[in-house]
Amino acid sequence: MRGWIAVVALVVSVPAVAAQYPGWSDTGYNYYHKRDCCDAAIALAQEDSAVRCAASGGVPRPRAGVRRGSCDAEWTTAWGRAVFRCVSESVVWCR
Amino acid sequence: MRVRVRRVVPVTSMRRVGLVIVAFLSITACTRPPRPADMSGFLDDYSRLRKGPPEGATLVYRNPGANWAAYDQILFEPVTIWRSGEHSLDDVPEDDLQHLAAEFERAVQSHLGADYRLVDRPGQGVMRVRLGITAARQSDHWLDVFEYAVPPDESVPDAQELASTTRALVVAAVIEGEFTDAMTGELLAEGVDRRGEREKIRTWGDVRSGLDRWATWLAGRLRQSRTGHLP
């Protein structure tokens with residue numbers, strides 16, 4: 001019986017170890033450069049991912065110096081120049 | 001019965017027409033800016049770019065008022081990799097993305113470091129350099145971004161072959177760069193470059209030597225700009 005409990009506990013705990021929690025962000029129309037807009041959006045999405053990881057009992061382990069994620073930029077014109085809004089999805093390591 | 005008479009255009013005339021078309025296309029290619037939708041969006045304004053000279057970047061803009069001699073320091077932004085499509089970089093091993101960004105940074109810093117002091121904050125006489133490896137089009141909605149600010153501990157042996165997914169990225173990519181005054185943000189130059197026979201790249205040694213050649217060329221162009229000898 002104890003053996004079964006141990007196996008069940010192991011199986012249940014494995015997804016928690018390997019779990020990933022995608023984070024999302026939306027910058028609003030706040031950036032004049034697409035590059036800066038995507039950078040900011042990805043940084044925010046990484047933070048969101050870390051918060052979701054911590055909220056689920058994990059420990060976020062972002063890789064030092066790495067900024068990685070997907071970014072969807074759209075733009076409008078304000079005061080004669082393009083202003084960007086970026087939506088991003090990113091995942092940080094979670095243990 | 002009617003006989004169809006087909007007018008035969010002499011080959012020489014056809015050649016002449018062909019030459020005129022080629023000449024026209026060459027002229028318009030030199031004078032027309034690239035279609036922004038076909039570019040990645042890494043640079044802020046592609047409308048200023050024009051086809052570069054044979055020894056220059058593929059597409060280039062140089063601010064005619066830039067005082068290149070006023071700059072003796074460089075502030076490097078981390079190298080960024082952009083690829084069209086959500087999760088489009090997922091199939092490239094993360095270590096490879098790190099090595100690609102790091103090798104590019106190493107090549108450029110080592111070649112430009114001979115002429116410029118490398119600094120980490122804006123100041124008088126500081127030029128900000130932003131470089132990207134891009135395989136993206138603005139017309140594609142999603143973009144995958146990788147940026148790496150810390151060099152990896154170990155380098156990859158020259159003889160090691162590139163993973164097929166890494167090679168596909170390298171072959172498809174272009175280099176984009178922007179040079180601005182770090183204090184005022186004034187644009188000094190920007191360009192998109194795609195030179196060399198990418199299809200021949202097989203190993204990390206090929207990548208390294210390609211990036212070194214590119215960095216040597218860039219250092220030479222900046223040296224010529226500083227001394228006023230850029231053709």
# chains A, B, ... in the order shown; residues from 1 in each chain; ligands from 1

$ residues_around --residues "Val207 (chain B)" --least-positions-apart "2" --cutoff "10 Å" --atoms "only C-alpha atoms" --output "PyMOL selection string"
chain B and resi 100+103-104+158+162+167+170+198+201-205+209-213

$ interface_residues --of "chain B" --to "chain A" --cutoff "10 Å" --atoms "only C-alpha atoms" --output "ChimeraX atom specification"
/B:40-45,78,80-90,94,98,138,140-151

$ residues_around --residues "Glu176 (chain B)" --least-positions-apart "5" --cutoff "8 Å" --atoms "only C-alpha atoms" --output "PDB file with C-alpha atoms, in the first residue's frame"
ATOM      1  CA  PHE B  42      14.090  46.074 -36.326  1.00  0.00           C
ATOM      2  CA  LEU B  43      15.065  49.468 -37.756  1.00  0.00           C
ATOM      3  CA  LEU B 131      22.703  44.930 -34.128  1.00  0.00           C
ATOM      4  CA  GLY B 132      20.185  42.299 -34.981  1.00  0.00           C
ATOM      5  CA  ILE B 133      20.120  38.970 -36.779  1.00  0.00           C
ATOM      6  CA  THR B 134      16.726  38.953 -38.399  1.00  0.00           C
ATOM      7  CA  GLU B 190      21.595  52.276 -40.535  1.00  0.00           C
ATOM      8  CA  GLY B 191      21.648  49.344 -42.850  1.00  0.00           C
ATOM      9  CA  VAL B 192      20.516  45.880 -43.796  1.00  0.00           C
ATOM     10  CA  ASP B 193      23.151  43.515 -45.023  1.00  0.00           C
TER      11      ASP B 193
END

$ select_by_dssp --residues "region 15-221 of chain B" --states "helix (DSSP H, G or I)" --output "MDAnalysis selection string"
chainID B and resid 15:31 36:38 68:70 94:112 164:172 198:200 204:221

$ closest_residue --among "A:Thr76, A:Asp26, A:Tyr21, A:Gly57" --to "Ala43 (chain A)" --atoms "only C-alpha atoms"
A:Asp26

$ atom_distance --atom1 "CA of Ala107 (chain B)" --atom2 "CA of Glu161 (chain B)"
19.5 Å

$ closest_residue --among "B:Gln73, B:Ser164, B:Gln224, B:Thr58" --to "Gly123 (chain B)" --atoms "only C-alpha atoms"
B:Gln73

$ atom_distance --atom1 "CA of Thr77 (chain A)" --atom2 "CA of Phe179 (chain B)"
24.6 Å

$ residues_around --residues "Glu77 (chain B)" --least-positions-apart "6" --cutoff "8 Å" --atoms "only C-alpha atoms" --output "list of chain:residue names"
B:Arg128, B:Val129, B:Arg130, B:Leu131

$ select_by_dssp --residues "region 68-191 of chain B" --states "strand (DSSP E or B)" --output "count of residues only"
43

$ atom_distance --atom1 "CA of Ala219 (chain B)" --atom2 "CA of Pro152 (chain B)"
24.2 Å
